[in-house]
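**Student:** Structure in structure tokens, see below.
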Amino acid sequence: MNRIFSGIQPTGNLHLGNYLGAIRNWVGLQDDFESIYCIVDLHAVTLPQEPDELRRNLREVTAGVVAAGVDPQRCILFAQSAVPAHSELAWLLACQTPLGWLNRMTQFKEKAGKHRENAGLGLYAYPVLMAADILIYRATHVPVGDDQKQHLELSRDIAGAFNRQFGVDFFPLPEPQIFGAATRVMSLRDGSSKMSKSDVSDYSRINMTDDADTIALKLRKARTDADPLPGVPAGLAERPEAANLVGIYAALEGSTVAAVCAEYEGRMFSEFKPALTELAISTLAPIADEMRRLMDDPGHVDGVIADGAKRARAIAEPILAEVHDILGFLRPGRG
Ligand code: TRP
């Protein structure tokens, strides 16, 4: 049986990059796999969080994921902190993880910055918790963006180390499902930097809650160049803004950059932008409407993830009990 696990950070200001880069892929997978989707609040607190903002972001991300089409009936959608087995397995796996492996993690180095001595232990152990997220469900497949490839590799190594240490074939080595490169969405103002929630200019991104008029305005103002569209993707090299808009079009349409180039060869952006706007509005505006509706009903959103947590615990707890047996812990008195 194939089981998918994936996680998303509870960040505010969900934007097109989050949608095309992660959330939309989840929607497509839920019919083909048993899918478990987790909002990773325990990972979020590896960096400082303002509690009220975290609460708001958790509901916003849940609303965004559901509005985008992840169906909480057909998959399991929950918040990580509601399933304590994640944290407990993370500890047990930490005991099987050599420091040398963690020292190679590039994301830790980036996030810890210059003063590595001041970084929290949680930030350092982040990849171990991520391994626990996946392995506590014995998931076989993990859809992740490119930036999480190294962490997933480590999850495989940790699963293998556990199996070897105890002479078992207990944890499957999770297979990455890396999302396509075309879904790397860049800023609408600067094609060389990623679309980001923290960019000071709201015109740099399309938020998942933007209405049709706002989407149209932002795309009209999006930076381009004066050349016509090329017939092949190679013609987009050295044209980051043009490449970004063509990439967004292809991703929204579910086609390829090559197909979009072939269709629009020789046309100017004055012609391409309105087509992109129409496509973006027809795809994104209904999601934004639904997302705003859900965000106005936090009680419903909380209910969705409460139900998900119950179903997640029902899978995770027996697996954790088996891990206890493998390690040699005693059964009496276990809850
Ligand atoms: N670290 C991932 C990210 O920042 C989120 C995440 C946490 C995750 N646990 C996971 C992704 C398990 C896949 C599987 O995007």
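By order in the structure tokens, chains are A, B, ...; within a chain, residues start at 1; ligands start at 1, following the order shown.
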Output as JSON lines one row per residue of chain A within 8 Å of ligand 1: the closest atom pair and its distance in Å to one decimal place, counting only C-alpha atoms and all ligand atoms, sorted by chain and residue number ascending.
**Tutor:**
```
{"residue": "A:Phe5", "atom": "CA", "partner": "ligand 1", "partner_atom_place_in_ligand_line": "14 (C)", "distance": 5.8}
{"residue": "A:Ser6", "atom": "CA", "partner": "ligand 1", "partner_atom_place_in_ligand_line": "13 (C)", "distance": 3.9}
{"residue": "A:Gly7", "atom": "CA", "partner": "ligand 1", "partner_atom_place_in_ligand_line": "8 (C)", "distance": 3.7}
{"residue": "A:Ile8", "atom": "CA", "partner": "ligand 1", "partner_atom_place_in_ligand_line": "5 (C)", "distance": 4.7}
{"residue": "A:Gln9", "atom": "CA", "partner": "ligand 1", "partner_atom_place_in_ligand_line": "5 (C)", "distance": 5.7}
{"residue": "A:Cys38", "atom": "CA", "partner": "ligand 1", "partner_atom_place_in_ligand_line": "9 (N)", "distance": 7.5}
{"residue": "A:Ile39", "atom": "CA", "partner": "ligand 1", "partner_atom_place_in_ligand_line": "7 (C)", "distance": 7.8}
{"residue": "A:Val40", "atom": "CA", "partner": "ligand 1", "partner_atom_place_in_ligand_line": "7 (C)", "distance": 5.6}
{"residue": "A:His43", "atom": "CA", "partner": "ligand 1", "partner_atom_place_in_ligand_line": "7 (C)", "distance": 6.5}
{"residue": "A:Tyr126", "atom": "CA", "partner": "ligand 1", "partner_atom_place_in_ligand_line": "1 (N)", "distance": 7.8}
{"residue": "A:Pro127", "atom": "CA", "partner": "ligand 1", "partner_atom_place_in_ligand_line": "1 (N)", "distance": 7.4}
{"residue": "A:Leu129", "atom": "CA", "partner": "ligand 1", "partner_atom_place_in_ligand_line": "9 (N)", "distance": 7.0}
{"residue": "A:Met130", "atom": "CA", "partner": "ligand 1", "partner_atom_place_in_ligand_line": "9 (N)", "distance": 4.1}
{"residue": "A:Ala131", "atom": "CA", "partner": "ligand 1", "partner_atom_place_in_ligand_line": "12 (C)", "distance": 6.7}
{"residue": "A:Asp133", "atom": "CA", "partner": "ligand 1", "partner_atom_place_in_ligand_line": "12 (C)", "distance": 5.4}
{"residue": "A:Ile134", "atom": "CA", "partner": "ligand 1", "partner_atom_place_in_ligand_line": "12 (C)", "distance": 5.5}
{"residue": "A:Val142", "atom": "CA", "partner": "ligand 1", "partner_atom_place_in_ligand_line": "14 (C)", "distance": 5.8}
{"residue": "A:Pro143", "atom": "CA", "partner": "ligand 1", "partner_atom_place_in_ligand_line": "13 (C)", "distance": 6.4}
{"residue": "A:Val144", "atom": "CA", "partner": "ligand 1", "partner_atom_place_in_ligand_line": "13 (C)", "distance": 5.6}
{"residue": "A:Gly145", "atom": "CA", "partner": "ligand 1", "partner_atom_place_in_ligand_line": "15 (O)", "distance": 7.0}
{"residue": "A:Asp147", "atom": "CA", "partner": "ligand 1", "partner_atom_place_in_ligand_line": "15 (O)", "distance": 7.6}
{"residue": "A:Gln148", "atom": "CA", "partner": "ligand 1", "partner_atom_place_in_ligand_line": "1 (N)", "distance": 6.2}
{"residue": "A:His151", "atom": "CA", "partner": "ligand 1", "partner_atom_place_in_ligand_line": "1 (N)", "distance": 7.5}
{"residue": "A:Leu152", "atom": "CA", "partner": "ligand 1", "partner_atom_place_in_ligand_line": "14 (C)", "distance": 7.3}
```
**Student:** Generate a file of the selected residues that holds N, CA, C and O atoms, formatted as a CSV table (one decimal), in the first residue's frame.
**Tutor:**
```csv
chain,number,residue,atom,x,y,z
A,5,PHE,N,2.8,11.2,2.9
A,5,PHE,CA,2.8,12.2,4.0
A,5,PHE,C,3.4,13.4,3.4
A,5,PHE,O,4.5,13.4,2.8
A,6,SER,N,2.8,14.6,3.7
A,6,SER,CA,3.5,15.8,3.5
A,6,SER,C,3.1,16.9,4.5
A,6,SER,O,2.1,16.8,5.2
A,7,GLY,N,4.0,17.9,4.7
A,7,GLY,CA,3.8,18.9,5.7
A,7,GLY,C,3.9,20.3,5.0
A,7,GLY,O,4.6,20.5,4.0
A,8,ILE,N,3.2,21.2,5.6
A,8,ILE,CA,3.3,22.6,5.2
A,8,ILE,C,3.5,23.5,6.4
A,8,ILE,O,2.8,23.2,7.5
A,9,GLN,N,4.3,24.5,6.3
A,9,GLN,CA,4.5,25.4,7.4
A,9,GLN,C,3.3,26.4,7.6
A,9,GLN,O,2.7,26.8,6.6
A,38,CYS,N,-0.2,17.5,6.8
A,38,CYS,CA,0.0,18.0,8.2
A,38,CYS,C,0.5,19.5,8.2
A,38,CYS,O,1.3,19.9,7.4
A,39,ILE,N,-0.1,20.2,9.0
A,39,ILE,CA,0.3,21.6,9.2
A,39,ILE,C,1.3,21.6,10.4
A,39,ILE,O,1.0,21.3,11.5
A,40,VAL,N,2.6,22.0,10.0
A,40,VAL,CA,3.6,21.6,11.0
A,40,VAL,C,3.9,22.8,12.0
A,40,VAL,O,4.9,23.4,11.9
A,43,HIS,N,7.2,22.4,13.9
A,43,HIS,CA,8.4,23.0,13.1
A,43,HIS,C,8.4,24.5,13.2
A,43,HIS,O,9.4,25.1,13.2
A,126,TYR,N,15.3,19.9,13.7
A,126,TYR,CA,14.2,20.1,12.8
A,126,TYR,C,14.1,18.9,11.8
A,126,TYR,O,13.1,18.3,11.7
A,127,PRO,N,15.2,18.5,11.2
A,127,PRO,CA,15.1,17.4,10.2
A,127,PRO,C,14.8,16.0,10.9
A,127,PRO,O,14.2,15.2,10.2
A,129,LEU,N,12.7,15.7,13.5
A,129,LEU,CA,11.2,15.8,13.6
A,129,LEU,C,10.5,15.5,12.3
A,129,LEU,O,9.5,14.9,12.2
A,130,MET,N,11.1,16.0,11.2
A,130,MET,CA,10.5,15.8,9.9
A,130,MET,C,10.6,14.3,9.5
A,130,MET,O,9.6,13.8,9.0
A,131,ALA,N,11.7,13.6,9.9
A,131,ALA,CA,11.7,12.2,9.7
A,131,ALA,C,10.6,11.5,10.5
A,131,ALA,O,10.0,10.6,10.0
A,133,ASP,N,7.8,12.7,11.4
A,133,ASP,CA,6.5,13.0,10.8
A,133,ASP,C,6.1,11.9,9.8
A,133,ASP,O,5.0,11.5,9.7
A,134,ILE,N,7.1,11.6,9.0
A,134,ILE,CA,6.9,10.7,7.9
A,134,ILE,C,6.8,9.3,8.4
A,134,ILE,O,5.9,8.5,8.1
A,142,VAL,N,6.7,10.9,-0.3
A,142,VAL,CA,6.7,12.2,0.3
A,142,VAL,C,6.8,13.3,-0.8
A,142,VAL,O,7.9,13.5,-1.3
A,143,PRO,N,5.7,14.0,-1.1
A,143,PRO,CA,5.9,15.1,-2.0
A,143,PRO,C,6.5,16.3,-1.3
A,143,PRO,O,6.0,16.7,-0.3
A,144,VAL,N,7.6,16.8,-1.9
A,144,VAL,CA,8.3,17.9,-1.3
A,144,VAL,C,8.9,18.8,-2.4
A,144,VAL,O,9.1,18.3,-3.5
A,145,GLY,N,9.1,20.1,-2.1
A,145,GLY,CA,9.8,20.9,-3.0
A,145,GLY,C,11.3,20.6,-3.0
A,145,GLY,O,11.8,19.9,-2.1
A,147,ASP,N,13.7,22.3,-2.1
A,147,ASP,CA,14.5,22.8,-0.9
A,147,ASP,C,14.4,21.8,0.3
A,147,ASP,O,15.2,21.9,1.2
A,148,GLN,N,13.5,20.8,0.2
A,148,GLN,CA,13.4,19.8,1.3
A,148,GLN,C,14.0,18.5,0.9
A,148,GLN,O,13.9,17.5,1.6
A,151,HIS,N,16.5,17.1,3.4
A,151,HIS,CA,15.9,16.6,4.7
A,151,HIS,C,15.2,15.2,4.4
A,151,HIS,O,15.2,14.4,5.3
A,152,LEU,N,14.7,15.1,3.2
A,152,LEU,CA,14.0,13.8,2.9
A,152,LEU,C,15.1,12.7,2.8
A,152,LEU,O,14.9,11.5,3.3
```
**Student:** Pick out the closest residue to His141 of chain A from this set: A:Glu53, A:Asp199, A:Glu88, A:Glu175. Count only C-alpha atoms.
**Tutor:**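 For His141 of chain A, the nearest of the given residues is A:Glu175.
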**Student:** Excluding Val168 of chain A and its own-chain neighbours fewer than 5 positions away, which residues fall within 12 Å of it when counting only C-alpha atoms? Please give them as a compact mmCIF listing (two decimals) with N, CA and C atoms, in the first residue's frame.
**Tutor:**
```txt
# COMPACT_ATOMS: atom_id res chain seq x y z
N ALA A 159 15.65 6.20 8.77
CA ALA A 159 14.83 4.98 8.72
C ALA A 159 15.72 3.76 8.56
N GLY A 160 16.70 3.88 7.67
CA GLY A 160 17.62 2.76 7.44
C GLY A 160 18.45 2.46 8.68
N ALA A 161 18.90 3.50 9.36
CA ALA A 161 19.72 3.31 10.57
C ALA A 161 18.91 2.58 11.64
N PHE A 162 17.65 2.97 11.79
CA PHE A 162 16.78 2.33 12.79
C PHE A 162 16.59 0.84 12.43
N ASN A 163 16.26 0.60 11.18
CA ASN A 163 16.03 -0.80 10.76
C ASN A 163 17.28 -1.65 10.99
N GLU A 322 4.47 -0.23 18.46
CA GLU A 322 5.39 -1.22 17.88
C GLU A 322 6.84 -0.79 18.02
N VAL A 323 7.08 0.51 17.87
CA VAL A 323 8.44 1.03 18.04
C VAL A 323 8.91 0.78 19.48
N ASP A 325 8.01 -1.62 21.41
CA ASP A 325 8.35 -3.04 21.52
C ASP A 325 9.72 -3.33 20.91
N ILE A 326 9.95 -2.75 19.75
CA ILE A 326 11.23 -2.99 19.06
C ILE A 326 12.40 -2.52 19.94
N LEU A 327 12.20 -1.36 20.60
CA LEU A 327 13.28 -0.78 21.42
C LEU A 327 13.48 -1.54 22.73
```
**Student:** Please give the complete set of residues from segment 8-125 of chain A that DSSP, run on the backbone, assigns to strand (DSSP E or B), formatted as number ranges by chain.
**Tutor:** A: 8, 15, 34-39, 76-79
**Student:** Would you save the residues of that selection, restricted to all heavy atoms, as a compact mmCIF listing (two decimals), in the first residue's frame?
**Tutor:**
```txt
# COMPACT_ATOMS: atom_id res chain seq x y z
N ILE A 8 3.21 21.21 5.64
CA ILE A 8 3.31 22.61 5.20
C ILE A 8 3.45 23.49 6.44
O ILE A 8 2.84 23.24 7.47
CB ILE A 8 2.09 23.02 4.35
CG1 ILE A 8 2.29 24.39 3.72
CG2 ILE A 8 0.79 22.98 5.17
CD1 ILE A 8 1.27 24.72 2.65
N HIS A 15 0.48 32.60 -0.77
CA HIS A 15 0.52 33.23 -2.09
C HIS A 15 0.63 32.18 -3.20
O HIS A 15 0.66 30.97 -2.92
CB HIS A 15 1.65 34.25 -2.16
CG HIS A 15 2.99 33.68 -1.79
ND1 HIS A 15 3.65 32.75 -2.56
CD2 HIS A 15 3.78 33.89 -0.71
CE1 HIS A 15 4.80 32.43 -1.99
NE2 HIS A 15 4.89 33.10 -0.85
N GLU A 34 -3.35 7.05 -0.27
CA GLU A 34 -3.86 7.42 1.04
C GLU A 34 -3.01 8.61 1.49
O GLU A 34 -1.79 8.49 1.62
CB GLU A 34 -3.69 6.24 2.01
CG GLU A 34 -4.19 6.57 3.39
CD GLU A 34 -3.85 5.50 4.41
OE1 GLU A 34 -3.23 4.47 4.05
OE2 GLU A 34 -4.20 5.69 5.58
N SER A 35 -3.63 9.75 1.67
CA SER A 35 -2.86 10.98 1.87
C SER A 35 -3.03 11.53 3.27
O SER A 35 -4.15 11.67 3.76
CB SER A 35 -3.29 12.04 0.86
OG SER A 35 -3.18 11.55 -0.45
N ILE A 36 -1.90 11.85 3.88
CA ILE A 36 -1.89 12.45 5.21
C ILE A 36 -1.17 13.78 5.10
O ILE A 36 0.02 13.81 4.75
CB ILE A 36 -1.20 11.52 6.22
CG1 ILE A 36 -1.88 10.15 6.24
CG2 ILE A 36 -1.21 12.16 7.62
CD1 ILE A 36 -1.21 9.13 7.14
N TYR A 37 -1.90 14.87 5.36
CA TYR A 37 -1.34 16.21 5.20
C TYR A 37 -1.35 16.92 6.54
O TYR A 37 -2.35 16.95 7.23
CB TYR A 37 -2.14 17.00 4.16
CG TYR A 37 -2.08 16.40 2.76
CD1 TYR A 37 -3.22 16.29 1.99
CD2 TYR A 37 -0.87 15.96 2.24
CE1 TYR A 37 -3.18 15.76 0.70
CE2 TYR A 37 -0.81 15.44 0.95
CZ TYR A 37 -1.97 15.33 0.19
OH TYR A 37 -1.90 14.82 -1.07
N CYS A 38 -0.20 17.51 6.84
CA CYS A 38 0.03 18.01 8.20
C CYS A 38 0.47 19.46 8.17
O CYS A 38 1.33 19.86 7.37
CB CYS A 38 1.14 17.14 8.81
SG CYS A 38 1.57 17.56 10.48
N ILE A 39 -0.11 20.25 9.02
CA ILE A 39 0.32 21.63 9.19
C ILE A 39 1.30 21.63 10.35
O ILE A 39 0.96 21.28 11.48
CB ILE A 39 -0.88 22.54 9.43
CG1 ILE A 39 -1.83 22.35 8.23
CG2 ILE A 39 -0.46 24.00 9.55
CD1 ILE A 39 -3.21 22.84 8.46
N ILE A 76 -6.37 12.92 5.27
CA ILE A 76 -6.29 13.32 6.66
C ILE A 76 -5.55 14.65 6.71
O ILE A 76 -4.43 14.75 6.21
CB ILE A 76 -5.56 12.26 7.50
CG1 ILE A 76 -6.39 10.96 7.54
CG2 ILE A 76 -5.31 12.77 8.92
CD1 ILE A 76 -5.73 9.83 8.31
N LEU A 77 -6.19 15.66 7.27
CA LEU A 77 -5.59 16.99 7.38
C LEU A 77 -5.63 17.40 8.84
O LEU A 77 -6.69 17.42 9.46
CB LEU A 77 -6.38 17.98 6.51
CG LEU A 77 -5.92 19.43 6.57
CD1 LEU A 77 -4.53 19.60 5.99
CD2 LEU A 77 -6.91 20.34 5.82
N PHE A 78 -4.46 17.71 9.40
CA PHE A 78 -4.41 17.97 10.85
C PHE A 78 -3.20 18.82 11.19
O PHE A 78 -2.31 19.03 10.36
CB PHE A 78 -4.35 16.64 11.61
CG PHE A 78 -3.04 15.94 11.46
CD1 PHE A 78 -2.12 15.93 12.50
CD2 PHE A 78 -2.69 15.32 10.27
CE1 PHE A 78 -0.88 15.31 12.35
CE2 PHE A 78 -1.45 14.71 10.12
CZ PHE A 78 -0.55 14.69 11.16
N ALA A 79 -3.16 19.28 12.45
CA ALA A 79 -2.00 20.03 12.94
C ALA A 79 -1.10 19.09 13.73
O ALA A 79 -1.55 18.30 14.57
CB ALA A 79 -2.46 21.19 13.81
```
**Student:** So the first atom is atom CA of Glu60 of chain A and the second is atom CA of Leu294 of chain A; what is the distance between them in Å, to one decimal place?
**Tutor:** 8.5 Å
**Student:** Nearest to Pro274 of chain A: which of A:Ala222, A:Val66, A:Asn57, A:Val27 is it, counting only C-alpha atoms?
**Tutor:**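 Checking each candidate against Pro274 of chain A, we get A:Ala222 as the closest.
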**Student:** Near Arg24 of chain A, counting only C-alpha atoms, which residues have an atom at most 12 Å away, once you skip same-chain residues fewer than 6 positions from it, shown as a PyMOL selection string?
**Tutor:** chain A and resi 15-18+30+64-71+143-144+179+183+208+251-252+254+283-284+287
**Student:** Counting only C-alpha atoms, figure out which residue out of A:Thr277, A:Ser192, A:Ser282, A:Asn207 gets nearest to Leu20 of chain A.
**Tutor:**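 With only C-alpha atoms as the atom set, the closest residue is A:Asn207.
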**Student:** Could you list, as an NGL selection string, every residue within 8 Å of Val61 of chain A, counting only C-alpha atoms and ignoring same-chain residues fewer than 6 positions away?
**Tutor:** :A and (10-12 or 14 or 39)
**Student:** Among segment 143-256 of chain A, which residues does DSSP mark as helix (DSSP H, G or I) when it is run on the backbone? Keep the chain and numbering as in the structure and answer as a ChimeraX atom specification.
**Tutor:** /A:146-166,181-183,202-204,212-221,233-236,240-253
**Student:** Tell me which of A:Ala119, A:Val128, A:Ala262, A:Cys75 sits closest to Gly308 of chain A, counting only C-alpha atoms.
**Tutor:**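 Smallest separation from Gly308 of chain A among the options: A:Cys75.
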**Student:** Excluding Ile136 of chain A and residues on its chain fewer than 6 positions from it, collect all residues at most 7 Å away from it, counting only C-alpha atoms, and give them as an NGL selection string.
**Tutor:** :A and (86 or 89 or 316 or 319-320)
**Student:** What does the distance from atom CA of Ser187 of chain A to atom CA of Glu238 of chain A come to in Å, to one decimal?
**Tutor:** 15.6 Å
**Student:** Mind giving me the straight-line distance from atom CA of Ala306 of chain A to atom CA of Asp31 of chain A in Å, one decimal?
**Tutor:**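 Here the two named atoms are 22.0 Å from each other.
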**Student:** For Leu135 of chain A, which of A:Ile315, A:Ile281, A:Cys95, A:Leu245 is the closest residue, counting only C-alpha atoms?
**Tutor:**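 Ranking A:Ile315, A:Ile281, A:Cys95, A:Leu245 by distance to Leu135 of chain A, first place goes to A:Ile315.
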**Student:** Need the shell around Ser87 of chain A: protein/DNA/RNA residues with any atom at most 9 Å away, counting only C-alpha atoms. Skip same-chain ones fewer than 4 positions apart. Format as a PyMOL selection string?
**Tutor:** chain A and resi 42+80-81+83+91-92+129+132-133
